[in-house]
Structure formats: C-alpha cells, structure tokens
>>> print(open('data-v9.cif').read())   # mmCIF, C-alpha atoms
data_my_file
#
loop_
_atom_site.label_atom_id
_atom_site.label_comp_id
_atom_site.auth_asym_id
_atom_site.auth_seq_id
_atom_site.Cartn_x
_atom_site.Cartn_y
_atom_site.Cartn_z
CA MET U 1 -15.99 11.45 -9.81
CA LYS U 2 -14.58 13.71 -7.12
CA ASN U 3 -17.03 14.84 -4.52
CA ILE U 4 -16.74 18.66 -4.86
CA LYS U 5 -18.05 19.37 -1.40
CA TYR U 6 -15.44 17.31 0.38
CA ILE U 7 -12.58 18.27 -1.93
CA LEU U 8 -13.18 22.01 -1.38
CA LEU U 9 -13.39 21.47 2.35
CA PHE U 10 -10.12 19.57 2.29
CA LEU U 11 -8.29 22.16 0.15
CA PHE U 12 -9.46 25.45 1.62
CA PHE U 13 -10.23 24.68 5.26
CA PRO U 14 -7.38 22.46 6.53
CA ALA U 15 -7.81 23.75 10.07
CA LEU U 16 -11.27 22.25 10.20
CA ILE U 17 -10.13 18.75 9.29
CA SER U 18 -6.89 18.56 11.24
CA PRO U 19 -7.36 16.27 14.27
CA GLY U 20 -5.04 18.23 16.56
CA GLU U 21 -6.39 18.27 20.10
CA ARG U 22 -10.01 18.04 19.02
CA LYS U 23 -12.16 15.11 20.06
CA GLU U 24 -15.44 15.73 18.19
CA PHE U 25 -15.77 15.39 14.43
CA ASN U 26 -18.69 15.64 12.04
CA LEU U 27 -19.19 13.50 8.95
CA SER U 28 -17.69 16.00 6.48
CA GLU U 29 -14.52 16.34 8.55
CA ILE U 30 -14.14 12.58 8.91
CA ILE U 31 -14.59 12.08 5.16
CA SER U 32 -11.95 14.73 4.47
CA LEU U 33 -9.55 12.97 6.85
CA GLY U 34 -10.31 9.69 5.09
CA LEU U 35 -9.56 11.12 1.65
CA LYS U 36 -6.30 12.46 3.02
CA ASN U 37 -5.09 9.50 5.12
CA ASN U 38 -6.69 6.27 3.90
CA PRO U 39 -3.89 3.87 2.82
CA GLN U 40 -5.86 2.59 -0.17
CA ILE U 41 -6.28 6.10 -1.56
CA LEU U 42 -2.65 7.00 -0.88
CA ALA U 43 -1.56 3.90 -2.82
CA ARG U 44 -3.86 4.78 -5.73
CA GLU U 45 -2.52 8.32 -5.82
CA GLN U 46 1.02 6.99 -6.16
CA GLU U 47 -0.14 4.71 -8.98
CA VAL U 48 -1.64 7.70 -10.81
CA LYS U 49 1.60 9.67 -10.36
CA ALA U 50 3.61 6.75 -11.72
CA LYS U 51 1.42 6.39 -14.81
CA LYS U 52 1.49 10.12 -15.41
CA ALA U 53 5.30 9.96 -15.32
CA ILE U 54 5.18 7.12 -17.85
CA TYR U 55 2.93 9.22 -20.08
CA GLU U 56 5.24 12.24 -19.85
CA SER U 57 8.28 10.12 -20.65
CA SER U 58 6.49 8.53 -23.63
CA LYS U 59 6.62 11.92 -25.38
CA LEU U 60 10.41 11.93 -25.32
CA PHE U 61 12.38 10.88 -28.40
CA PHE U 62 14.49 7.75 -28.45
CA ASN U 63 18.04 8.22 -27.25
CA PRO U 64 20.79 8.03 -29.85
CA GLU U 65 23.29 5.17 -29.75
CA ILE U 66 27.01 5.76 -29.91
CA GLU U 67 29.48 3.12 -30.97
CA TYR U 68 33.25 3.38 -30.49
CA GLU U 69 35.86 0.93 -31.83
CA ILE U 70 39.62 0.74 -31.46
CA GLY U 71 42.05 -1.83 -32.84
CA GLN U 72 45.30 -2.46 -34.70
CA GLY U 73 45.95 -3.89 -38.13
CA LYS U 74 48.80 -4.70 -40.54
CA THR U 75 49.11 -3.65 -44.12
CA LEU U 76 49.46 -6.50 -46.62
CA ASP U 77 52.44 -5.10 -48.47
CA THR U 78 54.67 -3.51 -45.81
CA LYS U 79 53.39 -5.44 -42.78
CA GLU U 80 53.35 -2.14 -40.95
CA LYS U 81 51.15 -1.97 -37.87
CA VAL U 82 48.48 0.70 -38.06
CA ASN U 83 46.06 1.84 -35.36
CA THR U 84 42.47 1.53 -36.47
CA GLY U 85 39.16 2.51 -34.95
CA GLY U 86 36.17 4.65 -35.35
CA ILE U 87 33.09 6.24 -33.88
CA ALA U 88 29.50 6.08 -35.05
CA ILE U 89 26.25 7.71 -33.86
CA GLU U 90 22.94 6.07 -34.66
CA GLN U 91 19.51 7.61 -34.16
CA SER U 92 16.16 5.83 -34.55
CA ILE U 93 13.51 7.87 -36.33
CA GLU U 94 10.05 6.83 -35.12
CA ASN U 95 7.13 6.99 -37.51
CA PRO U 96 5.13 10.08 -36.33
CA ILE U 97 1.76 8.32 -36.69
CA LYS U 98 2.95 5.30 -34.72
CA ARG U 99 4.45 7.67 -32.16
CA LYS U 100 1.12 9.48 -31.81
CA HIS U 101 -0.72 6.21 -31.01
CA ARG U 102 2.01 5.07 -28.61
CA ILE U 103 1.76 8.33 -26.65
CA ARG U 104 -2.02 8.16 -26.73
CA MET U 105 -1.95 4.66 -25.17
CA SER U 106 0.16 5.96 -22.28
CA GLU U 107 -2.20 8.90 -21.89
CA LYS U 108 -5.33 6.68 -21.78
CA ASN U 109 -3.65 4.37 -19.29
CA TRP U 110 -2.88 7.35 -17.04
CA GLN U 111 -6.44 8.72 -17.36
CA ALA U 112 -7.91 5.29 -16.57
CA SER U 113 -5.85 5.14 -13.37
CA GLY U 114 -7.26 8.55 -12.41
CA TYR U 115 -10.82 7.22 -12.67
CA SER U 116 -9.75 4.17 -10.68
CA LEU U 117 -8.55 6.57 -7.96
CA ASN U 118 -11.91 8.35 -8.05
CA PHE U 119 -13.75 5.08 -7.57
CA SER U 120 -11.49 4.24 -4.63
CA LYS U 121 -12.54 7.56 -3.12
CA LEU U 122 -16.19 6.63 -3.64
CA GLU U 123 -15.57 3.33 -1.84
CA VAL U 124 -13.80 5.06 1.04
CA ILE U 125 -16.57 7.66 1.40
CA TYR U 126 -19.18 4.89 1.45
CA GLU U 127 -17.28 2.86 4.07
CA ILE U 128 -16.77 5.94 6.25
CA LYS U 129 -20.45 6.84 6.03
CA ASN U 130 -21.52 3.31 6.82
CA ILE U 131 -19.29 3.11 9.90
CA PHE U 132 -20.32 6.64 10.93
CA PHE U 133 -24.01 5.68 10.76
CA THR U 134 -23.25 2.51 12.72
CA ILE U 135 -21.72 4.63 15.49
CA LEU U 136 -24.81 6.86 15.54
CA LEU U 137 -27.07 3.80 15.69
CA GLN U 138 -25.13 2.22 18.58
CA ARG U 139 -25.14 5.56 20.38
CA ASN U 140 -28.95 5.72 20.09
CA LEU U 141 -29.27 2.13 21.26
CA GLU U 142 -27.00 2.96 24.20
CA GLU U 143 -29.29 5.82 25.14
CA ILE U 144 -32.31 3.52 24.96
CA GLY U 145 -30.48 0.93 27.06
CA LEU U 146 -29.58 3.48 29.73
CA LYS U 147 -33.16 4.75 29.96
CA ASN U 148 -34.46 1.20 30.10
CA LEU U 149 -32.02 0.24 32.85
CA ASP U 150 -32.86 3.36 34.84
CA SER U 151 -36.59 2.68 34.50
CA ILE U 152 -36.25 -0.94 35.64
CA LYS U 153 -34.09 0.10 38.60
CA LYS U 154 -36.67 2.66 39.74
CA THR U 155 -39.42 0.08 39.41
CA TYR U 156 -37.27 -2.42 41.32
CA GLN U 157 -36.77 0.03 44.20
CA LEU U 158 -40.53 0.60 44.37
CA ILE U 159 -41.34 -3.13 44.24
CA GLU U 160 -38.72 -3.91 46.86
CA LYS U 161 -40.34 -1.44 49.28
CA ARG U 162 -43.78 -2.83 48.58
CA ALA U 163 -42.50 -6.39 49.03
CA LYS U 164 -41.11 -5.50 52.47
CA LEU U 165 -44.52 -4.08 53.38
CA GLY U 166 -46.16 -7.25 52.15
CA GLU U 167 -48.10 -5.49 49.41
CA VAL U 168 -46.56 -7.65 46.65
CA LYS U 169 -44.77 -10.96 46.53
CA GLN U 170 -40.99 -11.07 46.91
CA LEU U 171 -40.95 -13.02 43.65
CA GLU U 172 -41.73 -9.84 41.73
CA ALA U 173 -38.62 -8.16 43.14
CA ILE U 174 -36.56 -11.19 42.10
CA LYS U 175 -38.01 -11.03 38.58
CA LEU U 176 -37.13 -7.37 38.33
CA ASN U 177 -33.59 -8.07 39.53
CA VAL U 178 -33.26 -10.54 36.67
CA GLU U 179 -34.51 -7.88 34.27
CA ILE U 180 -31.87 -5.48 35.61
CA LEU U 181 -29.14 -8.02 34.89
CA LYS U 182 -30.49 -8.55 31.37
CA ALA U 183 -30.60 -4.81 30.74
CA GLN U 184 -27.03 -4.39 32.04
CA ASN U 185 -25.76 -7.19 29.80
CA GLU U 186 -27.51 -5.68 26.78
CA LEU U 187 -26.05 -2.28 27.59
CA GLU U 188 -22.54 -3.71 27.85
CA ARG U 189 -23.00 -5.44 24.49
CA ILE U 190 -24.04 -2.14 22.88
CA LYS U 191 -21.08 -0.31 24.42
CA THR U 192 -18.75 -2.99 23.05
CA GLU U 193 -20.27 -2.67 19.56
CA LEU U 194 -19.91 1.10 19.78
CA LYS U 195 -16.24 0.88 20.75
CA LEU U 196 -15.54 -1.61 17.95
CA ALA U 197 -17.22 0.68 15.40
CA LYS U 198 -15.16 3.66 16.55
CA ASP U 199 -11.95 1.62 16.44
CA ASN U 200 -12.84 0.42 12.95
CA LEU U 201 -13.45 4.00 11.78
CA ASN U 202 -10.15 5.21 13.21
CA LYS U 203 -8.22 2.38 11.58
CA PHE U 204 -9.89 3.21 8.29
CA LEU U 205 -8.56 6.76 8.63
CA GLY U 206 -5.02 5.59 9.37
CA ASN U 207 -5.48 6.05 13.16
CA VAL U 208 -5.34 9.87 12.92
CA LEU U 209 -8.21 10.44 15.37
CA PRO U 210 -7.54 10.73 19.13
CA PRO U 211 -8.34 7.57 21.16
CA GLU U 212 -11.42 9.02 22.89
CA PHE U 213 -12.92 10.80 19.87
CA SER U 214 -16.65 11.20 19.38
CA VAL U 215 -18.80 12.00 16.36
CA GLN U 216 -21.26 14.84 15.83
CA GLY U 217 -24.49 14.16 14.04
CA LYS U 218 -27.69 12.17 14.07
CA LEU U 219 -29.51 9.68 11.87
CA ASP U 220 -31.43 12.04 9.59
CA TYR U 221 -34.24 11.18 7.23
CA LYS U 222 -35.69 13.15 4.35
CA LYS U 223 -37.73 11.39 1.72
CA LEU U 224 -36.01 11.61 -1.66
CA LYS U 225 -37.96 13.32 -4.41
CA ILE U 226 -36.07 11.74 -7.27
CA GLU U 227 -36.92 9.32 -10.08
CA GLU U 228 -35.19 6.08 -10.93
CA LYS U 229 -34.66 7.07 -14.57
CA PHE U 230 -32.82 10.23 -13.53
CA LEU U 231 -30.40 8.17 -11.44
CA VAL U 232 -29.86 5.61 -14.20
CA ASP U 233 -29.14 8.34 -16.74
CA LYS U 234 -26.47 9.83 -14.49
CA ILE U 235 -24.44 6.60 -14.40
CA SER U 236 -23.12 6.76 -17.96
CA ALA U 237 -22.21 10.41 -17.54
CA ILE U 238 -20.29 10.35 -14.26
CA HIS U 239 -19.53 6.89 -12.90
CA PRO U 240 -15.73 6.48 -12.61
CA LEU U 241 -15.76 2.74 -13.37
CA LEU U 242 -17.50 3.39 -16.69
CA LYS U 243 -15.15 6.27 -17.44
CA LYS U 244 -12.19 4.03 -16.63
CA LYS U 245 -13.49 1.30 -18.93
CA GLU U 246 -14.09 3.86 -21.70
CA LYS U 247 -10.46 4.96 -21.45
CA GLU U 248 -9.35 1.33 -21.60
CA LEU U 249 -11.48 0.88 -24.72
CA GLU U 250 -9.87 3.96 -26.30
CA LEU U 251 -6.47 2.54 -25.35
CA SER U 252 -7.28 -0.71 -27.17
CA ILE U 253 -8.29 1.25 -30.29
CA SER U 254 -4.99 3.12 -30.27
CA ASN U 255 -3.21 -0.17 -29.71
CA ILE U 256 -4.66 -1.59 -32.94
CA SER U 257 -3.41 1.42 -34.91
CA TYR U 258 -0.05 1.28 -33.17
CA VAL U 259 0.48 -2.39 -34.02
CA LYS U 260 -0.61 -1.86 -37.64
CA TRP U 261 1.85 0.97 -38.08
CA GLN U 262 4.57 -1.29 -36.74
CA ARG U 263 4.42 -3.02 -40.12
CA ILE U 264 6.31 -0.03 -41.47
CA PRO U 265 9.76 -0.26 -39.89
CA ASP U 266 11.44 2.75 -38.32
CA PRO U 267 14.66 3.79 -40.07
CA LYS U 268 17.91 4.34 -38.21
CA LEU U 269 20.17 7.13 -39.36
CA LYS U 270 23.88 6.65 -38.85
CA ALA U 271 26.84 9.03 -39.02
CA PHE U 272 30.31 7.51 -38.75
CA ILE U 273 34.01 8.16 -39.09
CA GLN U 274 36.58 5.34 -39.17
CA ASN U 275 40.37 5.14 -39.29
CA GLU U 276 41.18 2.13 -41.47
CA ILE U 277 44.48 0.55 -42.52
CA ASP U 278 44.73 2.38 -45.76
CA GLY U 279 42.91 5.60 -44.94
CA LYS U 280 40.00 7.35 -43.26
CA ASN U 281 36.36 6.64 -44.04
CA LYS U 282 33.43 8.82 -43.03
CA GLY U 283 29.88 9.20 -44.12
CA LEU U 284 26.17 8.67 -43.44
CA GLY U 285 24.09 5.51 -43.44
CA ILE U 286 20.54 4.29 -42.99
CA THR U 287 19.28 1.01 -41.54
CA ILE U 288 15.79 -0.35 -42.24
CA GLU U 289 14.36 -3.58 -40.91
CA ILE U 290 12.84 -5.79 -43.61
CA PRO U 291 9.50 -7.27 -42.43
CA LEU U 292 10.16 -10.53 -44.21
CA TRP U 293 9.30 -13.20 -41.61
CA ASN U 294 7.00 -11.28 -39.29
CA PHE U 295 4.38 -8.93 -40.72
CA LYS U 296 2.61 -8.36 -37.34
CA SER U 297 -0.46 -10.39 -38.34
CA LYS U 298 -0.58 -12.22 -35.00
CA GLU U 299 -0.13 -9.00 -33.01
CA ILE U 300 -2.89 -7.26 -34.98
CA ALA U 301 -5.30 -10.14 -34.42
CA GLU U 302 -4.52 -10.07 -30.70
CA ALA U 303 -5.03 -6.29 -30.50
CA GLU U 304 -8.39 -6.55 -32.29
CA SER U 305 -9.53 -9.33 -29.94
CA LEU U 306 -8.57 -7.18 -26.94
CA PHE U 307 -10.63 -4.32 -28.40
CA LEU U 308 -13.70 -6.57 -28.73
CA LYS U 309 -13.11 -7.80 -25.17
CA GLU U 310 -12.99 -4.25 -23.79
CA LYS U 311 -16.12 -3.34 -25.77
CA GLN U 312 -18.10 -6.25 -24.32
CA GLU U 313 -16.80 -5.57 -20.81
CA LEU U 314 -17.97 -1.95 -21.10
CA LYS U 315 -21.43 -3.11 -22.16
CA ALA U 316 -21.56 -5.66 -19.32
CA LEU U 317 -20.47 -3.01 -16.80
CA GLU U 318 -23.20 -0.62 -17.96
CA ILE U 319 -25.82 -3.36 -17.49
CA GLU U 320 -24.41 -4.32 -14.10
CA LEU U 321 -24.34 -0.76 -12.76
CA THR U 322 -27.82 -0.01 -14.11
CA THR U 323 -29.22 -3.12 -12.43
CA GLU U 324 -27.39 -2.26 -9.22
CA VAL U 325 -28.75 1.29 -9.13
CA LYS U 326 -32.33 0.11 -9.76
CA SER U 327 -32.05 -2.52 -7.04
CA LYS U 328 -30.59 -0.13 -4.46
CA PHE U 329 -33.06 2.61 -5.31
CA ARG U 330 -36.00 0.23 -4.75
CA GLN U 331 -34.40 -0.99 -1.54
CA LEU U 332 -34.17 2.63 -0.40
CA GLN U 333 -37.84 3.15 -1.25
CA LEU U 334 -38.81 0.14 0.88
CA THR U 335 -36.87 1.60 3.79
CA GLU U 336 -38.66 4.92 3.30
CA GLN U 337 -42.01 3.12 3.49
CA LYS U 338 -40.92 1.47 6.74
CA ILE U 339 -39.91 4.81 8.26
CA GLU U 340 -43.19 6.42 7.16
CA LEU U 341 -45.05 3.76 9.17
CA PHE U 342 -43.29 4.97 12.31
CA TYR U 343 -44.09 8.61 11.53
CA THR U 344 -47.75 7.98 10.67
CA GLY U 345 -48.67 6.60 14.08
CA LEU U 346 -46.55 3.67 15.20
CA LEU U 347 -44.24 5.74 17.43
CA ALA U 348 -47.12 7.62 19.01
CA GLN U 349 -49.12 4.41 19.54
CA ALA U 350 -46.14 2.70 21.16
CA GLU U 351 -45.61 5.59 23.56
CA GLN U 352 -49.31 5.77 24.43
CA SER U 353 -49.46 1.99 24.97
CA LEU U 354 -46.53 2.16 27.41
CA LYS U 355 -48.19 4.96 29.39
CA ILE U 356 -51.42 2.97 29.62
CA ALA U 357 -49.52 -0.15 30.73
CA LYS U 358 -47.69 1.80 33.44
CA ILE U 359 -50.92 3.28 34.82
CA SER U 360 -52.65 -0.10 34.64
CA TYR U 361 -49.85 -1.77 36.57
CA GLU U 362 -49.80 0.94 39.23
CA GLN U 363 -53.55 0.48 39.66
CA GLY U 364 -53.19 -3.30 39.85
CA GLU U 365 -55.05 -4.00 36.62
CA ILE U 366 -52.16 -5.91 34.98
CA SER U 367 -49.31 -8.02 36.34
CA LEU U 368 -45.66 -7.01 36.56
CA MET U 369 -44.75 -9.35 33.71
CA ASP U 370 -47.41 -7.76 31.50
CA TYR U 371 -45.99 -4.32 32.29
CA LEU U 372 -42.43 -5.50 31.56
CA ASP U 373 -43.63 -7.01 28.28
CA SER U 374 -45.16 -3.66 27.34
CA GLN U 375 -41.90 -1.93 28.19
CA ARG U 376 -39.90 -4.42 26.10
CA THR U 377 -42.31 -3.98 23.19
CA TYR U 378 -41.92 -0.22 23.36
CA ASN U 379 -38.12 -0.47 23.44
CA GLU U 380 -38.12 -2.87 20.49
CA ILE U 381 -40.25 -0.47 18.44
CA ILE U 382 -37.87 2.42 19.20
CA LYS U 383 -34.90 0.19 18.33
CA ASP U 384 -36.59 -0.81 15.06
CA TYR U 385 -37.16 2.87 14.32
CA TYR U 386 -33.48 3.72 14.74
CA GLN U 387 -32.52 0.59 12.81
CA ALA U 388 -34.74 1.77 9.93
CA LEU U 389 -33.08 5.20 10.02
CA TYR U 390 -29.66 3.53 9.92
CA GLU U 391 -30.70 1.32 6.98
CA TRP U 392 -32.03 4.34 5.08
CA ASN U 393 -28.83 6.33 5.54
CA SER U 394 -26.69 3.29 4.73
CA ASN U 395 -28.78 2.44 1.64
CA LYS U 396 -28.57 6.05 0.47
CA ALA U 397 -24.78 5.98 0.82
CA SER U 398 -24.67 2.70 -1.09
CA LEU U 399 -26.85 4.16 -3.86
CA GLU U 400 -24.55 7.20 -4.09
CA LYS U 401 -21.60 4.87 -4.55
CA SER U 402 -23.44 3.05 -7.35
CA ILE U 403 -24.32 6.32 -9.09
CA GLY U 404 -20.96 7.96 -8.66
CA GLU U 405 -21.85 11.09 -6.67
CA GLU U 406 -23.70 12.34 -3.60
CA ILE U 407 -27.49 12.64 -3.82
CA LYS U 408 -28.66 16.08 -2.69
#
>>> encode(input="data-v9.cif", output="structure tokens")
Amino acid sequence: MKNIKYILLFLFFPALISPGERKEFNLSEIISLGLKNNPQILAREQEVKAKKAIYESSKLFFNPEIEYEIGQGKTLDTKEKVNTGGIAIEQSIENPIKRKHRIRMSEKNWQASGYSLNFSKLEVIYEIKNIFFTILLQRNLEEIGLKNLDSIKKTYQLIEKRAKLGEVKQLEAIKLNVEILKAQNELERIKTELKLAKDNLNKFLGNVLPPEFSVQGKLDYKKLKIEEKFLVDKISAIHPLLKKKEKELELSISNISYVKWQRIPDPKLKAFIQNEIDGKNKGLGITIEIPLWNFKSKEIAEAESLFLKEKQELKALEIELTTEVKSKFRQLQLTEQKIELFYTGLLAQAEQSLKIAKISYEQGEISLMDYLDSQRTYNEIIKDYYQALYEWNSNKASLEKSIGEEIK
C-alpha cells in the first residue's frame, strides 16, 4: 500500500526533495528520494507499465488475415492459357465469454504487479529507515566517543602535572595515555561505521545525495498505545503481498473459465473472390475447428490444480504474515521495556555514580583504575541506551513493513 504521507510530499513539494546544493536531509525527504530514484522501484514501475500495456492490448480484436493467390492454368478443351488467382479475407470471431476471461486474466496480472510494486516500496522505505537510524546511532556514539576522549585527555593533563610534582606515580599517566589511545581507536572505528552507513544510504538512493551530506533527526521514542489484534486485523485489509496473491488467485479462477470455454472453437469468417479457368467465383465461408482429438481435459485439470495451489499459498501467506506481525510486535514491546528501565532511573543512577566516582578519585578515596572503570561503565550504559533507541526505531520500521503501512 502506498504511504500517503510520502507520496503527497513527492508529488506536491518537489523542491523539498530535490538534492540540488543542499547537504542536510530529513527522513521524509530521503524516503521521497528513495521512492523516486531506487533502481529496484524503477524496475518494478517499468514492469507494471509493461503489464498494463499487455492488458490494454488484450482488449483489441484479432487482426484479420488476407490471402492473395496468382497463377496460370490451361483449359482442357482449347489448351488456352488463362490467368488465375484470387483474394480472400479471413476474420476470427472470438467467443465473447472466453474473451471476457482472457481480458480479465491480463487485468489481474497487471493489478498483481501493482501490488508487487507497492511491496517493493515498503521494502525500500524499511531499508532507508534502518540505514537512517544506523547513521543517527553512529552519530550519537561518535558524540559519546568525543566526550570520553576529551575527558580522558583532561584527566591525563592533570595527572601528568601531579606526576611531575611527585604527587602520583608516573605509572598512572602511562595508564591514562593507553586509555587515550583506546578511546581514539574506538572513535575512529565509529567514524568509519558512520561513513559506511552514509555511503550505503546514498547508494540505495542511486547516489543522488551530495558526497558530504548529513541527516537531520534524532532517535525518538514514544511508547505505542496499540493492540496486537488491531495490527493483525489490518494485514488482510492492506498488505500488498496478500493483495497480490488475491489477484493471482482471481487470475487462476478466470483461467479455469477461459480454458473451459476453449472447448467451444472460435469460428473464422471468410470472404473471397477467385478468378478460375472457367469463370469467376466469389462468396462467403466459415471455418470451425472440430475438437475431436483434444477436448482440453488436460488443460482444465492443470488450471484447476493451479487454482488450488494459489488458494493454499494465500492461506500460507496469511499465516506467515500474522505470525511475523505478532513476533515483531512482541519484540518491539521488549525493546520498550528495556527503554523504560533507562527512563525510570538507570540513566540518572549512572550519571550520579560517575559524579561520585570523580569526587572520590579527586579526594583520593578510590584509585585511578576504579575511576576509569566507573567512566567506562557510564559510557557503556549511555551506549546501551542509544542502542535500545535504535532497536526500537528499527523494530517499529520492521513491524510497519510487516503490516503494510506506517504506524502513527
């Protein structure tokens, strides 16, 4: 199903989604660019156009056939040579009921390809969101890494002065220098991951973004007030894969009728005029195929088996999508519980613990290594918090893909 929000943005505000000289893009703009430039979607759109053209052409009548002959013959009595020849026009007359089912099959095939295109858009939107959230996560981790590196460097400068005055051992300065190197390596790793994520996003959009682009946004969280049953009920109504399979099932039903009506042959009307040896012959004719050796029994059995196959595949798909939605919804709930733990005290406790550790170290109550351990613990908790936010946003996007539309 088309995401109305992004489609309207794409249609009516092209200036907002055109890369141009801009370097900052929000999620809606990036999704609009993806729907416009992603190669997979562009290929699907061409497939839909091709099948629509097939459907339109299926409504046309069969072309007439024209036959022209020329020759020379001799009369039996006078042996006189006479030019002979003729022209005939033949037109097939398709059974209107069979024609209706043939056109309907082309129509269902075209409609099924449209739902396939819509599902491709769902996949692209999910991939874009997932990469977008990865960029936001790496950007947050980069900020944590920079603050951590700055904090360790300031502590190192203080320790180095105290070591020169003989207040602390030189070993502590060496340990802090090692911590600086570790923090720098971690920061470089995060920057590399961030660059790779941005490159991956740009490639996914057909490389339409400028090289040094950045994204606008943050990892939001708002607990969903929605029930599992409501989400499950929406699947059968809107999910493009189910709609596609329903059209394929309808196609198979029309195919059965089409094959059955093939038992009644289509007549061919013929109008002709011929110059023969002893005169001119003209008139009308009709040709009808006699279903003597082949009465379409095999074709009908095959069409009925294909119908049963499509019916079972539709049922299996409904079960699969229902199970998938339930699983992803529960996974999202678990992530919400994890985030609530941070909000109900864990973040505040971590910050308070770090402050206490810093004061204790400055007053000589704990060692440098204990203080560094407290700092690492605090950073890990903040990283886990942002990781939980990323997982929630990613799980929500995945659930939206499974349902078939955005969750408000």
>>> closest_residue(input="data-v9.cif", among="U:Lys218, U:Lys309, U:Lys182, U:Lys296", to="Lys245 of chain U", atoms="all atoms listed in the file")
U:Lys309
>>> residues_around(input="data-v9.cif", residues="segment 247-263 of chain U", least_positions_apart="2", cutoff="12 Å", atoms="all atoms listed in the file", output="PyMOL selection string")
chain U and resi 94-116+240-245+265-267+288-315
>>> closest_residue(input="data-v9.cif", among="U:Ser374, U:Asn37, U:Met369, U:Lys164", to="Ile356 of chain U", atoms="all atoms listed in the file")
U:Ser374
>>> atom_distance(input="data-v9.cif", atom1="atom CA of Ala397 of chain U", atom2="atom CA of Glu123 of chain U")
9.9 Å
>>> atom_distance(input="data-v9.cif", atom1="atom CA of Gln184 of chain U", atom2="atom CA of Leu141 of chain U")
12.8 Å
>>> axis_aligned_box(input="data-v9.cif", around="segment 136-145 of chain U", padding_each_side="3 Å", output="JSON")
{"center_x": -28.6, "center_y": 3.9, "center_z": 21.3, "size_x": 13.5, "size_y": 11.9, "size_z": 17.5}
>>> atom_distance(input="data-v9.cif", atom1="atom CA of Pro211 of chain U", atom2="atom CA of Lys23 of chain U")
8.5 Å
>>> closest_residue(input="data-v9.cif", among="U:Ser92, U:Asn185, U:Asn148, U:Thr75", to="Glu276 of chain U", atoms="only C-alpha atoms")
U:Thr75
>>> build_atoms(input="data-v9.cif", residues="segment 182-202 of chain U", atoms="N, CA and C atoms", output="compact mmCIF listing (two decimals), in the coordinates of the input")
# COMPACT_ATOMS: atom_id res chain seq x y z
N LYS U 182 -30.36 -8.46 32.83
CA LYS U 182 -30.49 -8.55 31.37
C LYS U 182 -30.22 -7.19 30.72
N ALA U 183 -30.78 -6.15 31.30
CA ALA U 183 -30.60 -4.81 30.74
C ALA U 183 -29.14 -4.38 30.82
N GLN U 184 -28.45 -4.72 31.90
CA GLN U 184 -27.03 -4.39 32.04
C GLN U 184 -26.18 -5.13 31.01
N ASN U 185 -26.50 -6.41 30.81
CA ASN U 185 -25.76 -7.19 29.80
C ASN U 185 -25.97 -6.62 28.40
N GLU U 186 -27.21 -6.26 28.10
CA GLU U 186 -27.51 -5.68 26.78
C GLU U 186 -26.78 -4.36 26.60
N LEU U 187 -26.74 -3.56 27.67
CA LEU U 187 -26.05 -2.28 27.59
C LEU U 187 -24.55 -2.46 27.38
N GLU U 188 -23.97 -3.43 28.03
CA GLU U 188 -22.54 -3.71 27.85
C GLU U 188 -22.24 -4.18 26.42
N ARG U 189 -23.16 -4.98 25.87
CA ARG U 189 -23.00 -5.44 24.49
C ARG U 189 -23.02 -4.25 23.53
N ILE U 190 -23.94 -3.32 23.74
CA ILE U 190 -24.04 -2.14 22.88
C ILE U 190 -22.79 -1.29 22.99
N LYS U 191 -22.30 -1.10 24.22
CA LYS U 191 -21.08 -0.31 24.42
C LYS U 191 -19.89 -0.95 23.70
N THR U 192 -19.83 -2.28 23.74
CA THR U 192 -18.75 -2.99 23.05
C THR U 192 -18.84 -2.79 21.54
N GLU U 193 -20.07 -2.89 20.99
CA GLU U 193 -20.27 -2.67 19.56
C GLU U 193 -19.91 -1.24 19.17
N LEU U 194 -20.23 -0.30 20.05
CA LEU U 194 -19.91 1.10 19.78
C LEU U 194 -18.40 1.31 19.75
N LYS U 195 -17.70 0.74 20.70
CA LYS U 195 -16.24 0.88 20.75
C LYS U 195 -15.59 0.24 19.52
N LEU U 196 -16.09 -0.94 19.13
CA LEU U 196 -15.54 -1.61 17.95
C LEU U 196 -15.75 -0.78 16.68
N ALA U 197 -16.93 -0.16 16.58
CA ALA U 197 -17.22 0.68 15.40
C ALA U 197 -16.30 1.89 15.36
N LYS U 198 -16.06 2.50 16.50
CA LYS U 198 -15.16 3.66 16.55
C LYS U 198 -13.72 3.26 16.23
N ASP U 199 -13.30 2.12 16.76
CA ASP U 199 -11.95 1.62 16.44
C ASP U 199 -11.82 1.33 14.96
N ASN U 200 -12.86 0.74 14.38
CA ASN U 200 -12.84 0.42 12.95
C ASN U 200 -12.75 1.68 12.11
N LEU U 201 -13.49 2.73 12.51
CA LEU U 201 -13.45 4.00 11.78
C LEU U 201 -12.06 4.62 11.86
N ASN U 202 -11.47 4.61 13.04
CA ASN U 202 -10.15 5.21 13.21
C ASN U 202 -9.09 4.48 12.40
